Amino acid sequence: MDHEAAQLEKQHVHDVYESTAPYFGDLQSKAWPRVRQFLQEQKPGSLIADIGCGTGKYLKVNSQVYALGCDYCGPLVEIARSRGCEVMVCDNLHLPFRDHGLDAIISIGVIHHFSTKQRRIRAIKEMARVLVPGGQLMIYVWAMEQKNRHFEKQDVLVPWNRALCSRLLSDPSQPGRKPCAHPERSHPYHPPCSVCSCSVCFKEQGHSQRSHSMDYEPLMAGTCCTDISKEGEEENGFYNTLGKSFRSWFFSRSLDESTLRKQIERVRPLKNTEGWANSTISIQPSRHSSLDLGHQEPLSTREQSLDEDVFVEASQKQLEWPRAPAARKHLRGDQQGEVRRNGDGNFLEGANTNSNSEETIPVEEQQSSVLDSRAFMRYYHVFREGELYGLLKEHVAELHVLSSGNDHGNWCVIAEKKDNCD
Amino acid sequence: MKLLTHNLLSSHVRGVGPRSFPLRLQATEVRINRVEFNPDFTARMIPKVEWAALLEAADTLHLVEVPKGPIEGYEHDEKFLTQMHHVLLEVDVLEGTLQCPESGRLFPISRGIPNMLLSDEATET
């Protein structure tokens with residue numbers, strides 16, 4: 001189970017960041033105000049680590065602390081280094097730090113890339129291990145509950161579209177489309193822009209002038225944790241051999257063993273379209289289809305692997321418009337449903353979402369470069385309200401949650417390492 | 001990689017423990033950077049330093065004028081603080097290795113960046 005989880009993360013987290021890192025190099029990204037505040041509040045002379053630092057945008061927020069950046073992705077770390085940051089390549093699950101060495105840690109948009117609950121817990125426990133007693137940990141994860149997009153499921157693959165990013169960056173004044181307010185958003189850990197779902201931009205819906213005070217009150221016990229998955233409580237279960245192919249993952253509710261077992265009976269055949277609709281990892285459709293190029297963006301994965309077959313076969317049944325014979329496999333997922341849910345018009349800011357549904361994908365467009373980023377799909381486990389809090393409360397006894405809340409579509413928690421632990 | 005960073009690093013190779021520390025440093029390329037001296041900042045670092053590890057690393061790099069430990073009244077001792085500032089923050093290992101003292105596993109330092117990733121089998125469960 002753990003091996004499969006690691007494989008999924010390799011393909012849909014690590015490899016994607018590695019391949020897309022070059023595109024982040026020249027973009028400055030903005031630090032989230034609340035994270036900045038947390039860093040600036042640390043005592044001068046503190047030893048701080050940003051676990052999952054990406055290009056290092058938080059590492060220079062506070063010049064009075066010693067900030068170390070850690071990331072699994074070598075290319076991103078190189079970028080951070082070139083900006084003068086002290087960084088290293090390492091694994092959140094195996095932090096190369098001695099116990100009780102660090103005064104504070106931030107984990108911004110990282111834990112949601114772990115594909116099982118166990119791994120998420122392990123990642124948090126690792127960070128707790130290296131904190132001094134009294135040291136603080138801030139965690140941000142992407143929320144399932146979003147104003148401007150809808151997640152069908154908690155385990156999702158989100159496309160990253162470089163083509164759109166570069167178009168937006170180069171020509172922000174193109175009519176019919178609002179440019180993303182992203183002068184500095186290249187951090188891959190930000191949730192994709194609600195407009196173009198590219199990781200480069202995060203459109204703050206008209207809030208750019210407002211101060212972003214975080215809703216930061218402690219959660220009341222009982223209001224949040226009630227149905228945080230009781231599933232997965234029987235950890236250490238035996239990984240039931242469903243067939244250890246990627247295919248099977250997408251029919252499990254999450255990669256937790258117990259839910260997988262429960263789901264086995266309800267698994268539907270791949271070729272069945274309803275099976276696709278009920279699958280648990282949903283492909284977030286590219287929502288900028290009509291934005292710029294006037295055609296539907298295909299969402300195929302680039303490799304000819306088993307998991308691509310999963311999407312391909314299902315999608316062929318769901319296509320609503322004709323496509324050129326040489327067209328890439330087109331994944332519709334639940335886009336139609338999503339468009340419906342966003343009928344209030346805020347979604348895509350003035351761009352027309354439905355108008356191009358009749359258009360075919362021009363054949364020329366198929367001859368894009370090998371590194372066409374339409375192929376990049378990043379895995380996320382988006383968190384429900386209270387889930388992160390519950391995770392810490394139930395499984396990480398060495399941490400005491402100080403506060404939690406929502407910030408820009410992320411669930412956040414600040415926790416403190418208890419004294420007299422380990 | 002600065003020596004203050006090295007001072008925090010330990011090994012997570014499977015079977016090693018508790019957390020093998022410090023990692024043995026070897027350097028083939030070292031650079032000295034000019035870093036703005038902040039006496040207050042440096043003074044605050046002193047209590048956090050694992051001295052034996054620092055001295056071992058400094059020795060490997062043939063650094064001179066390295067204090068052997070905190071001295072009385074170090075917070076206001078400019079000479080002490082300047083020396084510590086230099087050792088901790090200005091020495092930058094660009095190329096080299098870090099070795100787990102128990103397992104012997106080597107972690108490379110390239111372009112100033114340590115790579116602490118391990119293959120699956122080598123990590124603790």
# chains A, B, ... in the order shown; residues from 1 in each chain; ligands from 1
>>> residues_around(residues="A:Ile108", least_positions_apart="4", cutoff="8 Å", atoms="only C-alpha atoms", output="list of chain:residue names")
A:Asp50, A:Ile51, A:Gly52, A:Cys53, A:Met138, A:Ile139, A:Tyr140, A:Val141, A:Tyr189
>>> write_last_selection(atoms="all heavy atoms", output="short mmCIF file (atom, residue, chain, number, x, y, z; two decimals), in the first residue's frame")
data_model
loop_
_atom_site.label_atom_id
_atom_site.label_comp_id
_atom_site.auth_asym_id
_atom_site.auth_seq_id
_atom_site.Cartn_x
_atom_site.Cartn_y
_atom_site.Cartn_z
N ASP A 50 11.28 25.43 6.23
CA ASP A 50 10.11 25.40 5.35
C ASP A 50 10.17 24.04 4.65
O ASP A 50 11.02 23.84 3.77
CB ASP A 50 10.19 26.55 4.34
CG ASP A 50 8.99 26.56 3.38
OD1 ASP A 50 8.20 25.58 3.36
OD2 ASP A 50 8.84 27.55 2.64
N ILE A 51 9.31 23.14 5.09
CA ILE A 51 9.34 21.79 4.53
C ILE A 51 8.40 21.75 3.33
O ILE A 51 7.18 21.79 3.49
CB ILE A 51 8.90 20.74 5.59
CG1 ILE A 51 9.69 20.89 6.88
CG2 ILE A 51 9.03 19.34 5.00
CD1 ILE A 51 11.16 20.59 6.76
N GLY A 52 9.02 21.68 2.16
CA GLY A 52 8.25 21.84 0.93
C GLY A 52 8.35 23.28 0.47
O GLY A 52 7.36 23.91 0.13
N CYS A 53 9.57 23.77 0.44
CA CYS A 53 9.80 25.20 0.23
C CYS A 53 9.65 25.64 -1.21
O CYS A 53 9.58 26.85 -1.48
CB CYS A 53 11.18 25.60 0.74
SG CYS A 53 12.51 24.85 -0.21
N MET A 138 3.23 25.36 11.41
CA MET A 138 2.08 25.88 10.67
C MET A 138 1.88 25.02 9.43
O MET A 138 2.83 24.79 8.68
CB MET A 138 2.33 27.34 10.24
CG MET A 138 1.26 27.84 9.26
SD MET A 138 1.56 29.53 8.69
CE MET A 138 0.36 30.42 9.67
N ILE A 139 0.67 24.56 9.27
CA ILE A 139 0.35 23.70 8.12
C ILE A 139 -0.78 24.33 7.32
O ILE A 139 -1.81 24.73 7.88
CB ILE A 139 -0.11 22.30 8.57
CG1 ILE A 139 0.95 21.64 9.47
CG2 ILE A 139 -0.41 21.41 7.37
CD1 ILE A 139 0.53 20.28 10.01
N TYR A 140 -0.59 24.39 6.02
CA TYR A 140 -1.64 24.81 5.10
C TYR A 140 -1.91 23.67 4.14
O TYR A 140 -0.97 23.12 3.55
CB TYR A 140 -1.17 25.99 4.24
CG TYR A 140 -1.51 27.37 4.73
CD1 TYR A 140 -1.29 27.74 6.05
CD2 TYR A 140 -2.05 28.30 3.86
CE1 TYR A 140 -1.60 29.01 6.48
CE2 TYR A 140 -2.35 29.59 4.28
CZ TYR A 140 -2.13 29.93 5.59
OH TYR A 140 -2.43 31.20 6.00
N VAL A 141 -3.18 23.35 3.97
CA VAL A 141 -3.55 22.36 2.96
C VAL A 141 -4.73 22.90 2.16
O VAL A 141 -5.55 23.66 2.68
CB VAL A 141 -3.91 20.99 3.56
CG1 VAL A 141 -2.69 20.33 4.20
CG2 VAL A 141 -5.04 21.12 4.57
N TYR A 189 2.99 25.25 -4.94
CA TYR A 189 2.13 24.72 -3.91
C TYR A 189 0.88 25.52 -3.73
O TYR A 189 0.04 25.21 -2.92
CB TYR A 189 2.89 24.62 -2.59
CG TYR A 189 4.01 23.66 -2.73
CD1 TYR A 189 5.31 24.09 -2.81
CD2 TYR A 189 3.76 22.29 -2.83
CE1 TYR A 189 6.33 23.19 -2.97
CE2 TYR A 189 4.77 21.41 -2.99
CZ TYR A 189 6.06 21.85 -3.05
OH TYR A 189 7.06 20.96 -3.21
#
>>> interface_residues(of="chain B", to="chain A", cutoff="6 Å", atoms="only C-alpha atoms", output="number ranges by chain")
B: 8-11, 41, 44-45, 113-117
>>> select_by_dssp(residues="stretch 28-82 of chain A", states="alpha helix (DSSP H)", output="list in words")
Pro33, Arg34, Val35, Arg36, Gln37, Phe38, Leu39, Gln40, Gly74, Pro75, Leu76, Val77, Glu78, Ile79, Ala80, Arg81 and Ser82 of chain A
>>> write_last_selection(atoms="N, CA, C and O atoms", output="PDB file, in the first residue's frame")
ATOM      1  N   PRO A  33      -0.065  36.244   3.280  1.00  0.00           N
ATOM      2  CA  PRO A  33       0.112  37.171   4.408  1.00  0.00           C
ATOM      3  C   PRO A  33       0.145  36.473   5.762  1.00  0.00           C
ATOM      4  O   PRO A  33       0.957  36.820   6.612  1.00  0.00           O
ATOM      5  N   ARG A  34      -0.711  35.515   5.947  1.00  0.00           N
ATOM      6  CA  ARG A  34      -0.783  34.895   7.261  1.00  0.00           C
ATOM      7  C   ARG A  34       0.462  34.065   7.536  1.00  0.00           C
ATOM      8  O   ARG A  34       0.903  33.935   8.673  1.00  0.00           O
ATOM      9  N   VAL A  35       1.017  33.519   6.483  1.00  0.00           N
ATOM     10  CA  VAL A  35       2.262  32.748   6.650  1.00  0.00           C
ATOM     11  C   VAL A  35       3.411  33.698   6.943  1.00  0.00           C
ATOM     12  O   VAL A  35       4.250  33.457   7.808  1.00  0.00           O
ATOM     13  N   ARG A  36       3.423  34.782   6.214  1.00  0.00           N
ATOM     14  CA  ARG A  36       4.432  35.807   6.471  1.00  0.00           C
ATOM     15  C   ARG A  36       4.372  36.235   7.931  1.00  0.00           C
ATOM     16  O   ARG A  36       5.395  36.371   8.601  1.00  0.00           O
ATOM     17  N   GLN A  37       3.161  36.437   8.382  1.00  0.00           N
ATOM     18  CA  GLN A  37       2.985  36.908   9.752  1.00  0.00           C
ATOM     19  C   GLN A  37       3.544  35.891  10.740  1.00  0.00           C
ATOM     20  O   GLN A  37       4.239  36.239  11.689  1.00  0.00           O
ATOM     21  N   PHE A  38       3.227  34.649  10.506  1.00  0.00           N
ATOM     22  CA  PHE A  38       3.737  33.584  11.380  1.00  0.00           C
ATOM     23  C   PHE A  38       5.260  33.620  11.423  1.00  0.00           C
ATOM     24  O   PHE A  38       5.877  33.516  12.485  1.00  0.00           O
ATOM     25  N   LEU A  39       5.866  33.790  10.265  1.00  0.00           N
ATOM     26  CA  LEU A  39       7.327  33.807  10.213  1.00  0.00           C
ATOM     27  C   LEU A  39       7.890  35.034  10.899  1.00  0.00           C
ATOM     28  O   LEU A  39       8.909  34.960  11.591  1.00  0.00           O
ATOM     29  N   GLN A  40       7.219  36.146  10.692  1.00  0.00           N
ATOM     30  CA  GLN A  40       7.744  37.378  11.284  1.00  0.00           C
ATOM     31  C   GLN A  40       7.569  37.410  12.789  1.00  0.00           C
ATOM     32  O   GLN A  40       8.275  38.138  13.485  1.00  0.00           O
ATOM     33  N   GLY A  74      14.447  18.577  -6.756  1.00  0.00           N
ATOM     34  CA  GLY A  74      15.766  19.170  -6.972  1.00  0.00           C
ATOM     35  C   GLY A  74      15.743  20.468  -7.770  1.00  0.00           C
ATOM     36  O   GLY A  74      16.321  21.468  -7.334  1.00  0.00           O
ATOM     37  N   PRO A  75      15.092  20.467  -8.923  1.00  0.00           N
ATOM     38  CA  PRO A  75      15.076  21.694  -9.728  1.00  0.00           C
ATOM     39  C   PRO A  75      14.504  22.901  -8.987  1.00  0.00           C
ATOM     40  O   PRO A  75      15.003  24.023  -9.135  1.00  0.00           O
ATOM     41  N   LEU A  76      13.479  22.703  -8.205  1.00  0.00           N
ATOM     42  CA  LEU A  76      12.929  23.833  -7.457  1.00  0.00           C
ATOM     43  C   LEU A  76      13.917  24.314  -6.404  1.00  0.00           C
ATOM     44  O   LEU A  76      14.086  25.516  -6.189  1.00  0.00           O
ATOM     45  N   VAL A  77      14.568  23.369  -5.769  1.00  0.00           N
ATOM     46  CA  VAL A  77      15.556  23.720  -4.760  1.00  0.00           C
ATOM     47  C   VAL A  77      16.709  24.497  -5.391  1.00  0.00           C
ATOM     48  O   VAL A  77      17.224  25.457  -4.810  1.00  0.00           O
ATOM     49  N   GLU A  78      17.083  24.116  -6.593  1.00  0.00           N
ATOM     50  CA  GLU A  78      18.144  24.842  -7.299  1.00  0.00           C
ATOM     51  C   GLU A  78      17.742  26.294  -7.531  1.00  0.00           C
ATOM     52  O   GLU A  78      18.556  27.212  -7.404  1.00  0.00           O
ATOM     53  N   ILE A  79      16.499  26.486  -7.862  1.00  0.00           N
ATOM     54  CA  ILE A  79      16.019  27.853  -8.066  1.00  0.00           C
ATOM     55  C   ILE A  79      16.110  28.637  -6.765  1.00  0.00           C
ATOM     56  O   ILE A  79      16.583  29.780  -6.730  1.00  0.00           O
ATOM     57  N   ALA A  80      15.686  28.007  -5.689  1.00  0.00           N
ATOM     58  CA  ALA A  80      15.757  28.690  -4.392  1.00  0.00           C
ATOM     59  C   ALA A  80      17.206  29.026  -4.044  1.00  0.00           C
ATOM     60  O   ALA A  80      17.517  30.108  -3.551  1.00  0.00           O
ATOM     61  N   ARG A  81      18.058  28.103  -4.309  1.00  0.00           N
ATOM     62  CA  ARG A  81      19.476  28.308  -4.029  1.00  0.00           C
ATOM     63  C   ARG A  81      20.030  29.470  -4.837  1.00  0.00           C
ATOM     64  O   ARG A  81      20.797  30.289  -4.332  1.00  0.00           O
ATOM     65  N   SER A  82      19.604  29.551  -6.073  1.00  0.00           N
ATOM     66  CA  SER A  82      20.112  30.624  -6.933  1.00  0.00           C
ATOM     67  C   SER A  82      19.639  31.983  -6.439  1.00  0.00           C
ATOM     68  O   SER A  82      20.198  33.014  -6.807  1.00  0.00           O
TER      69      SER A  82
END
>>> residues_around(residues="B:Asp92", least_positions_apart="3", cutoff="8 Å", atoms="only C-alpha atoms", output="VMD selection string")
chain B and resid 1 to 3 30 to 33 89 112
>>> write_last_selection(atoms="all heavy atoms", output="short mmCIF file (atom, residue, chain, number, x, y, z; two decimals), in the first residue's frame")
data_model
loop_
_atom_site.label_atom_id
_atom_site.label_comp_id
_atom_site.auth_asym_id
_atom_site.auth_seq_id
_atom_site.Cartn_x
_atom_site.Cartn_y
_atom_site.Cartn_z
N MET B 1 26.20 24.76 1.38
CA MET B 1 25.71 24.37 2.70
C MET B 1 26.55 25.00 3.79
O MET B 1 27.77 24.87 3.79
CB MET B 1 25.78 22.84 2.84
CG MET B 1 25.19 22.37 4.15
SD MET B 1 25.79 20.76 4.65
CE MET B 1 27.49 21.10 5.02
N LYS B 2 25.89 25.72 4.67
CA LYS B 2 26.61 26.37 5.77
C LYS B 2 26.82 25.40 6.91
O LYS B 2 26.13 24.38 7.03
CB LYS B 2 25.79 27.57 6.26
CG LYS B 2 25.60 28.62 5.18
CD LYS B 2 24.71 29.75 5.68
CE LYS B 2 24.18 30.56 4.52
NZ LYS B 2 24.75 31.90 4.43
N LEU B 3 27.75 25.75 7.77
CA LEU B 3 28.02 24.84 8.88
C LEU B 3 26.91 24.86 9.91
O LEU B 3 26.73 23.89 10.65
CB LEU B 3 29.37 25.18 9.53
CG LEU B 3 30.57 24.85 8.66
CD1 LEU B 3 31.87 24.97 9.45
CD2 LEU B 3 30.48 23.46 8.05
N VAL B 30 34.86 24.67 -1.32
CA VAL B 30 34.30 25.51 -0.28
C VAL B 30 34.42 26.96 -0.71
O VAL B 30 35.41 27.36 -1.34
CB VAL B 30 35.06 25.31 1.06
CG1 VAL B 30 34.54 26.27 2.13
CG2 VAL B 30 34.95 23.87 1.52
N ARG B 31 33.42 27.73 -0.38
CA ARG B 31 33.49 29.16 -0.70
C ARG B 31 33.22 29.95 0.56
O ARG B 31 32.47 29.51 1.43
CB ARG B 31 32.43 29.48 -1.76
CG ARG B 31 32.46 30.92 -2.25
CD ARG B 31 31.43 31.13 -3.35
NE ARG B 31 30.08 30.92 -2.87
CZ ARG B 31 29.03 30.71 -3.68
NH1 ARG B 31 29.20 30.66 -4.98
NH2 ARG B 31 27.83 30.52 -3.17
N ILE B 32 33.88 31.09 0.64
CA ILE B 32 33.58 31.97 1.77
C ILE B 32 32.71 33.10 1.27
O ILE B 32 33.08 33.81 0.34
CB ILE B 32 34.88 32.55 2.38
CG1 ILE B 32 35.86 31.43 2.73
CG2 ILE B 32 34.58 33.41 3.61
CD1 ILE B 32 35.38 30.49 3.83
N ASN B 33 31.55 33.25 1.88
CA ASN B 33 30.65 34.33 1.50
C ASN B 33 30.74 35.46 2.49
O ASN B 33 30.94 35.24 3.68
CB ASN B 33 29.20 33.85 1.49
CG ASN B 33 28.97 32.74 0.50
OD1 ASN B 33 29.46 32.79 -0.62
ND2 ASN B 33 28.23 31.72 0.91
N LEU B 89 28.08 30.94 9.37
CA LEU B 89 27.29 31.49 8.27
C LEU B 89 28.07 31.82 7.00
O LEU B 89 27.47 31.93 5.93
CB LEU B 89 26.59 32.78 8.74
CG LEU B 89 25.67 32.62 9.96
CD1 LEU B 89 25.11 33.97 10.37
CD2 LEU B 89 24.54 31.65 9.67
N GLY B 112 26.27 23.47 -3.58
CA GLY B 112 25.85 23.99 -2.29
C GLY B 112 24.61 23.35 -1.70
O GLY B 112 24.18 23.71 -0.61
#
>>> closest_residue(among="B:Asp59, B:Glu90, B:Glu102, B:Glu75", to="B:Pro47", atoms="only C-alpha atoms")
B:Glu75
>>> select_by_dssp(residues="chain B", states="strand (DSSP E)", output="MDAnalysis selection string")
chainID B and resid 24:32 91:99 106:110 113:114
>>> residues_around(residues="B:Pro101", least_positions_apart="6", cutoff="8 Å", atoms="only C-alpha atoms", output="list in words")
Ser20, Phe21, Pro22, Leu23 and Arg24 of chain B
>>> atom_distance(atom1="atom CA of A:Ala143", atom2="atom CA of A:Trp160")
18.0 Å
>>> atom_distance(atom1="atom CA of A:Ile105", atom2="atom CA of B:Cys100")
24.2 Å
>>> residues_around(residues="B:Gln99", least_positions_apart="3", cutoff="8 Å", atoms="only C-alpha atoms", output="PyMOL selection string")
chain B and resi 23-25+104-107
>>> write_last_selection(atoms="all heavy atoms", output="compact mmCIF listing (two decimals), in the first residue's frame")
# COMPACT_ATOMS: atom_id res chain seq x y z
N LEU B 23 26.78 14.14 10.91
CA LEU B 23 27.21 13.54 9.65
C LEU B 23 28.65 13.98 9.38
O LEU B 23 29.00 15.14 9.60
CB LEU B 23 26.30 13.99 8.51
CG LEU B 23 24.82 13.63 8.70
CD1 LEU B 23 24.00 14.18 7.54
CD2 LEU B 23 24.63 12.13 8.81
N ARG B 24 29.41 13.03 8.93
CA ARG B 24 30.81 13.34 8.66
C ARG B 24 30.92 14.12 7.37
O ARG B 24 30.45 13.68 6.32
CB ARG B 24 31.59 12.02 8.54
CG ARG B 24 32.87 12.00 9.35
CD ARG B 24 33.45 10.59 9.44
NE ARG B 24 33.03 9.84 10.60
CZ ARG B 24 32.67 8.54 10.57
NH1 ARG B 24 32.66 7.89 9.44
NH2 ARG B 24 32.32 7.93 11.68
N LEU B 25 31.57 15.25 7.48
CA LEU B 25 31.63 16.14 6.33
C LEU B 25 32.94 15.99 5.57
O LEU B 25 34.01 15.91 6.17
CB LEU B 25 31.49 17.59 6.83
CG LEU B 25 31.71 18.73 5.84
CD1 LEU B 25 30.66 18.71 4.75
CD2 LEU B 25 31.68 20.07 6.58
N GLY B 104 27.54 4.46 7.08
CA GLY B 104 28.49 4.78 6.03
C GLY B 104 27.87 5.37 4.78
O GLY B 104 28.57 5.78 3.84
N ARG B 105 26.56 5.45 4.77
CA ARG B 105 25.86 5.98 3.59
C ARG B 105 26.30 7.41 3.31
O ARG B 105 26.40 8.23 4.22
CB ARG B 105 24.36 5.92 3.88
CG ARG B 105 23.45 6.54 2.85
CD ARG B 105 23.40 5.72 1.58
NE ARG B 105 22.19 5.93 0.81
CZ ARG B 105 21.97 6.95 -0.02
NH1 ARG B 105 22.89 7.86 -0.19
NH2 ARG B 105 20.85 7.05 -0.69
N LEU B 106 26.50 7.70 2.02
CA LEU B 106 26.97 9.03 1.64
C LEU B 106 25.84 9.85 1.04
O LEU B 106 25.08 9.36 0.21
CB LEU B 106 28.09 8.90 0.60
CG LEU B 106 29.43 8.40 1.13
CD1 LEU B 106 30.35 8.04 -0.02
CD2 LEU B 106 30.08 9.45 2.03
N PHE B 107 25.77 11.08 1.42
CA PHE B 107 24.83 12.02 0.82
C PHE B 107 25.64 13.10 0.12
O PHE B 107 26.51 13.71 0.73
CB PHE B 107 23.95 12.66 1.89
CG PHE B 107 23.15 11.68 2.69
CD1 PHE B 107 23.62 11.22 3.91
CD2 PHE B 107 21.94 11.20 2.22
CE1 PHE B 107 22.89 10.31 4.66
CE2 PHE B 107 21.20 10.29 2.96
CZ PHE B 107 21.69 9.84 4.18
>>> closest_residue(among="A:Val16, A:Tyr379, A:Gln118, A:Val156", to="A:Met144", atoms="only C-alpha atoms")
A:Val156
>>> atom_distance(atom1="atom CA of A:Asp15", atom2="atom CA of A:Leu59")
23.6 Å
>>> residues_around(residues="B:Met84", least_positions_apart="5", cutoff="8 Å", atoms="only C-alpha atoms", output="tab-separated table (two decimals) with all heavy atoms, in the first residue's frame")
chain	number	residue	atom	x	y	z
B	42	THR	N	23.70	36.25	15.95
B	42	THR	CA	24.73	35.26	16.22
B	42	THR	C	24.69	34.81	17.67
B	42	THR	O	24.80	33.62	17.97
B	42	THR	CB	26.12	35.83	15.88
B	42	THR	OG1	26.09	36.34	14.54
B	42	THR	CG2	27.19	34.76	15.98
B	66	VAL	N	38.51	29.17	15.37
B	66	VAL	CA	37.17	28.69	15.71
B	66	VAL	C	37.09	28.53	17.21
B	66	VAL	O	37.86	27.76	17.80
B	66	VAL	CB	36.90	27.33	15.03
B	66	VAL	CG1	35.52	26.83	15.40
B	66	VAL	CG2	37.06	27.44	13.53
B	67	PRO	N	36.20	29.26	17.87
B	67	PRO	CA	36.07	29.12	19.31
B	67	PRO	C	35.74	27.67	19.68
B	67	PRO	O	35.00	27.00	18.98
B	67	PRO	CB	34.91	30.06	19.67
B	67	PRO	CG	34.82	31.02	18.53
B	67	PRO	CD	35.30	30.29	17.32
>>> residues_around(residues="B:Glu29", least_positions_apart="4", cutoff="10 Å", atoms="only C-alpha atoms", output="list in words")
Leu61, Asp92, Val93, Leu94, Glu95, Gly96, Ile109, Ser110, Arg111 and Gly112 of chain B
>>> write_last_selection(atoms="N, CA and C atoms", output="PDB file, in the first residue's frame")
ATOM      1  N   LEU B  61      37.407  21.137   7.560  1.00  0.00           N
ATOM      2  CA  LEU B  61      37.576  22.179   6.555  1.00  0.00           C
ATOM      3  C   LEU B  61      38.810  23.032   6.829  1.00  0.00           C
ATOM      4  N   ASP B  92      30.788  28.138   3.173  1.00  0.00           N
ATOM      5  CA  ASP B  92      29.760  27.491   2.362  1.00  0.00           C
ATOM      6  C   ASP B  92      30.376  26.304   1.616  1.00  0.00           C
ATOM      7  N   VAL B  93      29.922  25.125   1.958  1.00  0.00           N
ATOM      8  CA  VAL B  93      30.427  23.934   1.250  1.00  0.00           C
ATOM      9  C   VAL B  93      29.648  23.784  -0.048  1.00  0.00           C
ATOM     10  N   LEU B  94      30.347  23.890  -1.155  1.00  0.00           N
ATOM     11  CA  LEU B  94      29.667  23.806  -2.446  1.00  0.00           C
ATOM     12  C   LEU B  94      29.629  22.380  -2.981  1.00  0.00           C
ATOM     13  N   GLU B  95      30.740  21.690  -2.810  1.00  0.00           N
ATOM     14  CA  GLU B  95      30.797  20.312  -3.294  1.00  0.00           C
ATOM     15  C   GLU B  95      31.409  19.451  -2.202  1.00  0.00           C
ATOM     16  N   GLY B  96      30.811  18.305  -1.993  1.00  0.00           N
ATOM     17  CA  GLY B  96      31.353  17.428  -0.964  1.00  0.00           C
ATOM     18  C   GLY B  96      30.378  16.312  -0.651  1.00  0.00           C
ATOM     19  N   ILE B 109      26.743  16.650  -1.642  1.00  0.00           N
ATOM     20  CA  ILE B 109      26.477  18.086  -1.657  1.00  0.00           C
ATOM     21  C   ILE B 109      26.906  18.578  -3.029  1.00  0.00           C
ATOM     22  N   SER B 110      25.967  19.122  -3.769  1.00  0.00           N
ATOM     23  CA  SER B 110      26.298  19.633  -5.102  1.00  0.00           C
ATOM     24  C   SER B 110      25.787  21.056  -5.244  1.00  0.00           C
ATOM     25  N   ARG B 111      26.630  21.909  -5.760  1.00  0.00           N
ATOM     26  CA  ARG B 111      26.250  23.323  -5.950  1.00  0.00           C
ATOM     27  C   ARG B 111      25.675  23.884  -4.653  1.00  0.00           C
ATOM     28  N   GLY B 112      26.265  23.470  -3.579  1.00  0.00           N
ATOM     29  CA  GLY B 112      25.847  23.991  -2.289  1.00  0.00           C
ATOM     30  C   GLY B 112      24.612  23.345  -1.699  1.00  0.00           C
TER      31      GLY B 112
END
